[in-house]
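Next comes target-v8.cif, with mmCIF, C-alpha atoms.
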```cif
data_target
loop_
_atom_site.label_atom_id
_atom_site.label_comp_id
_atom_site.auth_asym_id
_atom_site.auth_seq_id
_atom_site.Cartn_x
_atom_site.Cartn_y
_atom_site.Cartn_z
CA MET A 1 -3.05 17.82 9.83
CA ILE A 2 -3.00 17.71 6.04
CA LYS A 3 0.27 18.94 4.56
CA THR A 4 1.25 19.54 0.95
CA ILE A 5 4.66 19.81 -0.67
CA THR A 6 5.60 20.29 -4.30
CA TYR A 7 7.15 17.29 -6.00
CA LYS A 8 8.15 17.44 -9.67
CA ASN A 9 6.02 20.59 -10.02
CA THR A 10 2.90 18.87 -8.70
CA PRO A 11 1.20 18.86 -5.28
CA LEU A 12 1.99 15.89 -3.03
CA SER A 13 -0.35 15.62 -0.06
CA TYR A 14 -0.01 13.70 3.19
CA TYR A 15 -1.64 13.42 6.59
CA ALA A 16 0.59 13.93 9.63
CA CYS A 17 -0.43 13.33 13.23
CA GLY A 18 0.77 12.04 16.58
CA LYS A 19 4.12 12.21 18.33
CA GLY A 20 6.97 9.78 18.85
CA PHE A 21 8.79 7.42 16.53
CA SER A 22 7.88 8.02 12.88
CA VAL A 23 5.70 5.47 11.08
CA VAL A 24 4.85 5.84 7.38
CA LEU A 25 1.69 4.13 6.10
CA LEU A 26 1.28 3.64 2.34
CA HIS A 27 -2.10 2.90 0.74
CA GLY A 28 -2.81 0.65 -2.21
CA PHE A 29 -4.38 0.86 -5.66
CA ALA A 30 -7.50 3.05 -5.93
CA GLU A 31 -7.17 4.07 -2.28
CA THR A 32 -6.14 7.23 -0.44
CA TYR A 33 -4.61 7.95 2.94
CA ALA A 34 -8.13 7.52 4.37
CA ILE A 35 -7.94 3.73 3.98
CA TRP A 36 -5.78 3.81 7.13
CA LYS A 37 -8.37 5.75 9.18
CA ASN A 38 -9.02 2.88 11.60
CA GLN A 39 -5.30 2.46 12.16
CA SER A 40 -4.36 6.14 12.39
CA GLY A 41 -7.00 6.80 15.04
CA PHE A 42 -5.32 4.20 17.23
CA LEU A 43 -1.64 4.43 16.32
CA LYS A 44 -1.45 8.24 16.56
CA ASN A 45 -1.64 7.85 20.34
CA TYR A 46 1.76 6.18 20.30
CA TYR A 47 3.70 7.32 17.22
CA ARG A 48 4.20 10.11 14.73
CA LEU A 49 2.28 9.05 11.63
CA ILE A 50 2.92 10.12 8.05
CA ILE A 51 0.21 8.87 5.66
CA PRO A 52 0.61 10.12 2.09
CA ASP A 53 -1.74 10.19 -0.84
CA LEU A 54 0.46 8.52 -3.44
CA PRO A 55 0.94 10.63 -6.60
CA GLY A 56 -2.26 10.36 -8.63
CA SER A 57 -4.43 9.50 -5.60
CA GLY A 58 -6.54 11.73 -3.38
CA ALA A 59 -5.16 15.25 -3.17
CA SER A 60 -1.82 14.32 -4.78
CA ALA A 61 -1.47 14.94 -8.50
CA LEU A 62 0.42 12.51 -10.71
CA PHE A 63 3.66 14.10 -11.85
CA GLU A 64 4.48 14.28 -15.54
CA THR A 65 5.55 10.91 -16.83
CA GLY A 66 5.62 9.30 -20.24
CA LYS A 67 2.51 7.45 -21.33
CA ASN A 68 2.35 4.12 -19.52
CA ASN A 69 5.82 4.76 -18.10
CA LEU A 70 5.10 5.28 -14.40
CA THR A 71 7.27 3.06 -12.19
CA ILE A 72 6.98 1.87 -8.62
CA ASP A 73 10.47 3.27 -8.03
CA GLU A 74 9.21 6.75 -8.95
CA LEU A 75 6.44 6.44 -6.37
CA ALA A 76 9.06 5.47 -3.79
CA ASP A 77 11.11 8.54 -4.72
CA SER A 78 8.07 10.74 -4.07
CA ILE A 79 7.68 9.26 -0.58
CA HIS A 80 11.35 9.96 0.07
CA SER A 81 10.71 13.64 -0.63
CA ILE A 82 8.10 13.66 2.15
CA ILE A 83 10.45 11.94 4.58
CA ILE A 84 13.16 14.49 3.80
CA ASN A 85 10.69 17.36 4.16
CA GLU A 86 9.64 16.07 7.58
CA ASN A 87 13.28 15.74 8.72
CA ILE A 88 12.75 12.09 9.57
CA GLU A 89 16.03 10.36 10.38
CA ARG A 90 14.61 6.83 10.47
CA CYS A 91 11.11 5.42 10.24
CA ILE A 92 9.11 2.24 9.97
CA MET A 93 7.24 1.91 6.68
CA LEU A 94 4.16 -0.26 6.24
CA GLY A 95 2.52 -0.70 2.84
CA HIS A 96 -0.86 -2.14 1.92
CA SER A 97 -1.08 -3.97 -1.43
CA MET A 98 0.43 -1.64 -4.06
CA GLY A 99 1.79 0.37 -1.12
CA GLY A 100 3.77 -2.75 -0.25
CA TYR A 101 5.42 -2.66 -3.67
CA VAL A 102 6.38 0.95 -3.01
CA THR A 103 7.69 -0.03 0.42
CA LEU A 104 9.95 -2.72 -1.09
CA SER A 105 11.28 -0.26 -3.64
CA TYR A 106 11.93 2.24 -0.85
CA ALA A 107 13.73 -0.41 1.20
CA GLU A 108 15.94 -1.17 -1.78
CA LYS A 109 16.82 2.46 -2.51
CA TYR A 110 16.73 4.13 0.90
CA ALA A 111 17.36 1.42 3.50
CA HIS A 112 19.35 3.89 5.60
CA LYS A 113 16.09 5.71 6.34
CA LEU A 114 14.30 2.61 7.64
CA GLN A 115 14.23 0.95 11.04
CA ALA A 116 11.92 -1.81 9.76
CA PHE A 117 9.23 -2.32 7.12
CA GLY A 118 6.12 -4.35 6.53
CA LEU A 119 3.91 -5.76 3.80
CA VAL A 120 0.19 -5.79 4.53
CA HIS A 121 -1.55 -8.04 1.99
CA SER A 122 1.32 -7.57 -0.44
CA THR A 123 4.11 -9.53 -2.10
CA ALA A 124 7.69 -9.21 -3.30
CA PHE A 125 6.95 -11.38 -6.34
CA ALA A 126 6.63 -9.77 -9.74
CA ASP A 127 3.41 -10.27 -11.69
CA SER A 128 3.07 -13.69 -13.29
CA GLU A 129 2.25 -13.80 -16.99
CA GLU A 130 -1.32 -14.67 -16.06
CA LYS A 131 -1.52 -11.66 -13.75
CA LYS A 132 -0.09 -9.40 -16.44
CA GLN A 133 -2.82 -10.50 -18.84
CA ILE A 134 -5.45 -9.75 -16.20
CA ARG A 135 -4.00 -6.26 -15.74
CA LYS A 136 -3.92 -5.66 -19.50
CA ARG A 137 -7.58 -6.64 -19.67
CA GLY A 138 -8.29 -4.26 -16.80
CA ILE A 139 -6.59 -1.41 -18.65
CA GLU A 140 -8.75 -2.13 -21.69
CA ILE A 141 -11.91 -2.18 -19.60
CA MET A 142 -10.98 1.17 -18.03
CA GLU A 143 -10.32 2.61 -21.47
CA THR A 144 -13.74 1.50 -22.70
CA TYR A 145 -15.96 2.00 -19.65
CA GLY A 146 -13.97 4.28 -17.34
CA GLY A 147 -12.16 3.81 -14.06
CA TYR A 148 -15.22 3.99 -11.83
CA ALA A 149 -17.04 1.26 -13.76
CA PHE A 150 -13.96 -0.93 -13.44
CA LEU A 151 -13.69 -0.34 -9.68
CA LYS A 152 -17.38 -1.13 -9.17
CA THR A 153 -16.74 -4.65 -10.40
CA THR A 154 -13.34 -5.28 -8.83
CA THR A 155 -13.48 -3.62 -5.39
CA PRO A 156 -16.02 -6.04 -3.87
CA ASN A 157 -13.62 -8.90 -4.61
CA LEU A 158 -11.23 -7.49 -2.02
CA PHE A 159 -13.64 -8.31 0.81
CA THR A 160 -14.90 -11.54 2.33
CA THR A 161 -18.44 -12.64 1.50
CA GLY A 162 -19.60 -12.38 5.10
CA PHE A 163 -18.32 -8.84 5.51
CA LYS A 164 -20.00 -7.72 2.28
CA LYS A 165 -23.31 -9.02 3.58
CA LYS A 166 -23.00 -7.42 7.02
CA HIS A 167 -21.25 -4.18 6.10
CA ASN A 168 -22.09 -3.47 2.50
CA GLU A 169 -22.08 0.26 3.24
CA ILE A 170 -18.32 0.14 3.90
CA VAL A 171 -17.72 -1.63 0.60
CA LYS A 172 -19.91 0.93 -1.19
CA GLU A 173 -18.03 3.80 0.45
CA LEU A 174 -14.72 2.51 -0.91
CA ILE A 175 -16.27 2.07 -4.35
CA GLU A 176 -17.62 5.61 -4.30
CA GLU A 177 -14.18 6.98 -3.54
CA GLY A 178 -13.23 5.54 -6.91
CA ARG A 179 -15.24 8.28 -8.62
CA HIS A 180 -12.46 10.74 -7.80
CA PHE A 181 -9.72 8.82 -9.62
CA LYS A 182 -8.71 9.74 -13.12
CA LYS A 183 -8.91 6.78 -15.47
CA GLU A 184 -5.44 7.59 -16.75
CA ASN A 185 -3.94 7.46 -13.26
CA LEU A 186 -5.48 4.07 -12.53
CA GLN A 187 -4.11 2.79 -15.83
CA GLN A 188 -0.67 4.16 -15.00
CA TYR A 189 -0.75 2.27 -11.69
CA TYR A 190 -1.61 -0.93 -13.52
CA TYR A 191 1.29 -0.45 -15.92
CA ALA A 192 3.62 0.27 -12.99
CA MET A 193 2.54 -2.87 -11.14
CA MET A 194 2.62 -4.99 -14.27
CA ASN A 195 6.16 -3.90 -15.13
CA ARG A 196 7.65 -3.97 -11.64
CA ALA A 197 10.63 -6.22 -10.97
CA ASP A 198 10.72 -9.11 -8.54
CA LYS A 199 11.92 -7.80 -5.16
CA THR A 200 12.62 -11.02 -3.28
CA SER A 201 16.30 -10.00 -3.29
CA VAL A 202 15.34 -7.05 -1.09
CA LEU A 203 13.93 -9.47 1.49
CA LYS A 204 16.99 -11.72 1.28
CA ASN A 205 19.48 -8.90 1.61
CA THR A 206 17.86 -6.75 4.27
CA VAL A 207 19.04 -6.75 7.86
CA LEU A 208 15.87 -4.93 8.90
CA PRO A 209 12.90 -6.61 10.59
CA VAL A 210 10.09 -7.33 8.13
CA LEU A 211 6.40 -7.83 8.92
CA PHE A 212 4.07 -9.86 6.73
CA VAL A 213 0.30 -9.68 7.20
CA ALA A 214 -1.65 -12.18 5.10
CA GLY A 215 -5.23 -13.37 4.74
CA THR A 216 -6.17 -17.00 4.10
CA GLU A 217 -8.75 -15.93 1.50
CA ASP A 218 -6.73 -13.20 -0.19
CA ALA A 219 -6.72 -13.74 -3.96
CA ALA A 220 -4.77 -10.52 -4.65
CA ALA A 221 -1.83 -11.45 -2.39
CA PRO A 222 -2.21 -15.23 -1.94
CA LEU A 223 -1.12 -16.75 1.35
CA ASN A 224 0.94 -19.40 -0.45
CA ASP A 225 2.99 -16.66 -2.11
CA VAL A 226 3.58 -14.92 1.20
CA LEU A 227 4.63 -18.16 2.90
CA LYS A 228 7.32 -18.62 0.25
CA GLN A 229 8.78 -15.21 1.18
CA VAL A 230 8.73 -15.14 4.98
CA HIS A 231 11.94 -17.19 5.26
CA ALA A 232 13.92 -14.72 3.14
CA PRO A 233 14.57 -11.92 5.68
CA GLU A 234 16.94 -12.46 8.57
CA ILE A 235 14.26 -11.17 10.95
CA ALA A 236 10.65 -11.78 9.94
CA TYR A 237 7.29 -11.58 11.64
CA ILE A 238 4.16 -13.05 10.09
CA HIS A 239 0.54 -12.71 11.09
CA ILE A 240 -2.03 -14.81 9.25
CA ILE A 241 -5.68 -13.78 9.52
CA ASN A 242 -8.12 -16.64 9.06
CA ASN A 243 -11.10 -16.13 6.76
CA MET A 244 -9.65 -12.81 5.56
CA ALA A 245 -9.32 -11.43 2.05
CA HIS A 246 -7.43 -8.23 1.06
CA GLN A 247 -8.91 -5.61 3.38
CA SER A 248 -8.11 -6.38 7.01
CA LEU A 249 -7.68 -2.61 7.44
CA LEU A 250 -11.45 -2.30 7.22
CA GLU A 251 -12.68 -5.77 8.18
CA VAL A 252 -10.71 -6.48 11.38
CA PRO A 253 -9.12 -3.15 12.36
CA VAL A 254 -8.73 -4.00 16.04
CA GLU A 255 -6.76 -7.17 15.26
CA LEU A 256 -4.62 -5.43 12.66
CA ASN A 257 -3.97 -2.46 14.95
CA SER A 258 -2.66 -4.81 17.63
CA VAL A 259 -0.39 -6.59 15.14
CA LEU A 260 1.03 -3.32 13.81
CA LYS A 261 1.61 -1.86 17.28
CA ASN A 262 3.35 -5.00 18.51
CA PHE A 263 5.65 -4.99 15.47
CA ILE A 264 6.44 -1.28 15.74
CA ASP A 265 7.17 -1.58 19.46
CA GLU A 266 9.52 -4.52 18.81
CA ALA A 267 11.33 -2.84 15.94
CA ALA A 268 11.44 0.84 16.91
#
```
Before anything else, please render the file you have as structure tokens.
Amino acid sequence: MIKTITYKNTPLSYYACGKGFSVVLLHGFAETYAIWKNQSGFLKNYYRLIIPDLPGSGASALFETGKNNLTIDELADSIHSIIINENIERCIMLGHSMGGYVTLSYAEKYAHKLQAFGLVHSTAFADSEEKKQIRKRGIEIMETYGGYAFLKTTTPNLFTTGFKKKHNEIVKELIEEGRHFKKENLQQYYYAMMNRADKTSVLKNTVLPVLFVAGTEDAAAPLNDVLKQVHAPEIAYIHIINNMAHQSLLEVPVELNSVLKNFIDEAA
């Protein structure tokens, strides 16, 4: 069921299904709740799922914010409004990529609402100076050529070479979804990610179980970065997927589904 609430005078949409312990799934940059379709079809048989469209994605509008001033913390606040609306006492939150940044922010601000959390191809590290320059260049490209043109060149890099050859239609489908994103919203996300603070302190200070899912070929959330973080939480689980880039949600859904279910069952 698709639900919509009003947040900061704008519509905030999310998909709700299943029964049981509440699990919140957060998508990444230039994605919508639909990126979790392979997981929701499986996990809804065991849990109550809440899968939002982050503000500015899918059916959720981006609330009024100053130019280039969107923050990851503000996105976390919007998710909190959904959790309050759904009367969720405690939940497990799992974030993919940019959704992982939102998850860390949520864990810092609203830990009392979490039973556990997880980072799927994500990191607690802030952007390096090199990464910030890459994002700035991306913002310029979007300004000149548009968001869709930018996504056409960058989205394929999130997949492994073998998968692109065998399942190019899935890659194309994700690229086509990029047509629906406003250039300005994509740029705002880049500014938010570029300006976000390092959140390794959240991992060090949490008493909650934390899941890390990493791919050996993931350039966006490098395995070496993730390995430097897994020792920070008191209770940590890590699953490394060999020959995997940034999109295990689509490339190896059965394996990822099993990992997520095992973690949720342990932590819930």
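Compared by their closest atoms to Asn87 (chain A), and using all atoms listed in the file, the residues A:Asn224, A:Val252, A:Thr32, A:Lys113 rank with A:Lys113 nearest.
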Pick from A:Lys67, A:Lys164, A:Arg90, A:Arg137, whichever lies nearest to Gln247 (chain A) using only C-alpha atoms: A:Lys164
Top pick for closest residue to Thr206 (chain A), considering A:Val226, A:Ile170, A:Leu114, A:Leu75 and counting only C-alpha atoms: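 Residue with the minimum atom-to-atom distance to Thr206 (chain A): A:Leu114.
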Residues matched by the PyMOL selection byres ((chain A and resi 8-14) around 7), written as an NGL selection string: :A and (2-7 or 15-16 or 50-53 or 55 or 59-61 or 63)
Within 10 Å of Phe150 (chain A) using only C-alpha atoms, minus same-chain residues under 6 positions, as a PyMOL selection string: chain A and resi 138-144+175+178+183+186
Residue members of the PyMOL selection byres ((chain A and resi 25) around 9) in the file shown, as number ranges by chain: A: 23-24, 26-27, 33, 36, 40, 49-52, 92-96, 99
Straight-line distance linking CA of Ala220 (chain A) with CA of Lys182 (chain A), stated in Å to one decimal: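 These two atoms are separated by 22.3 Å.
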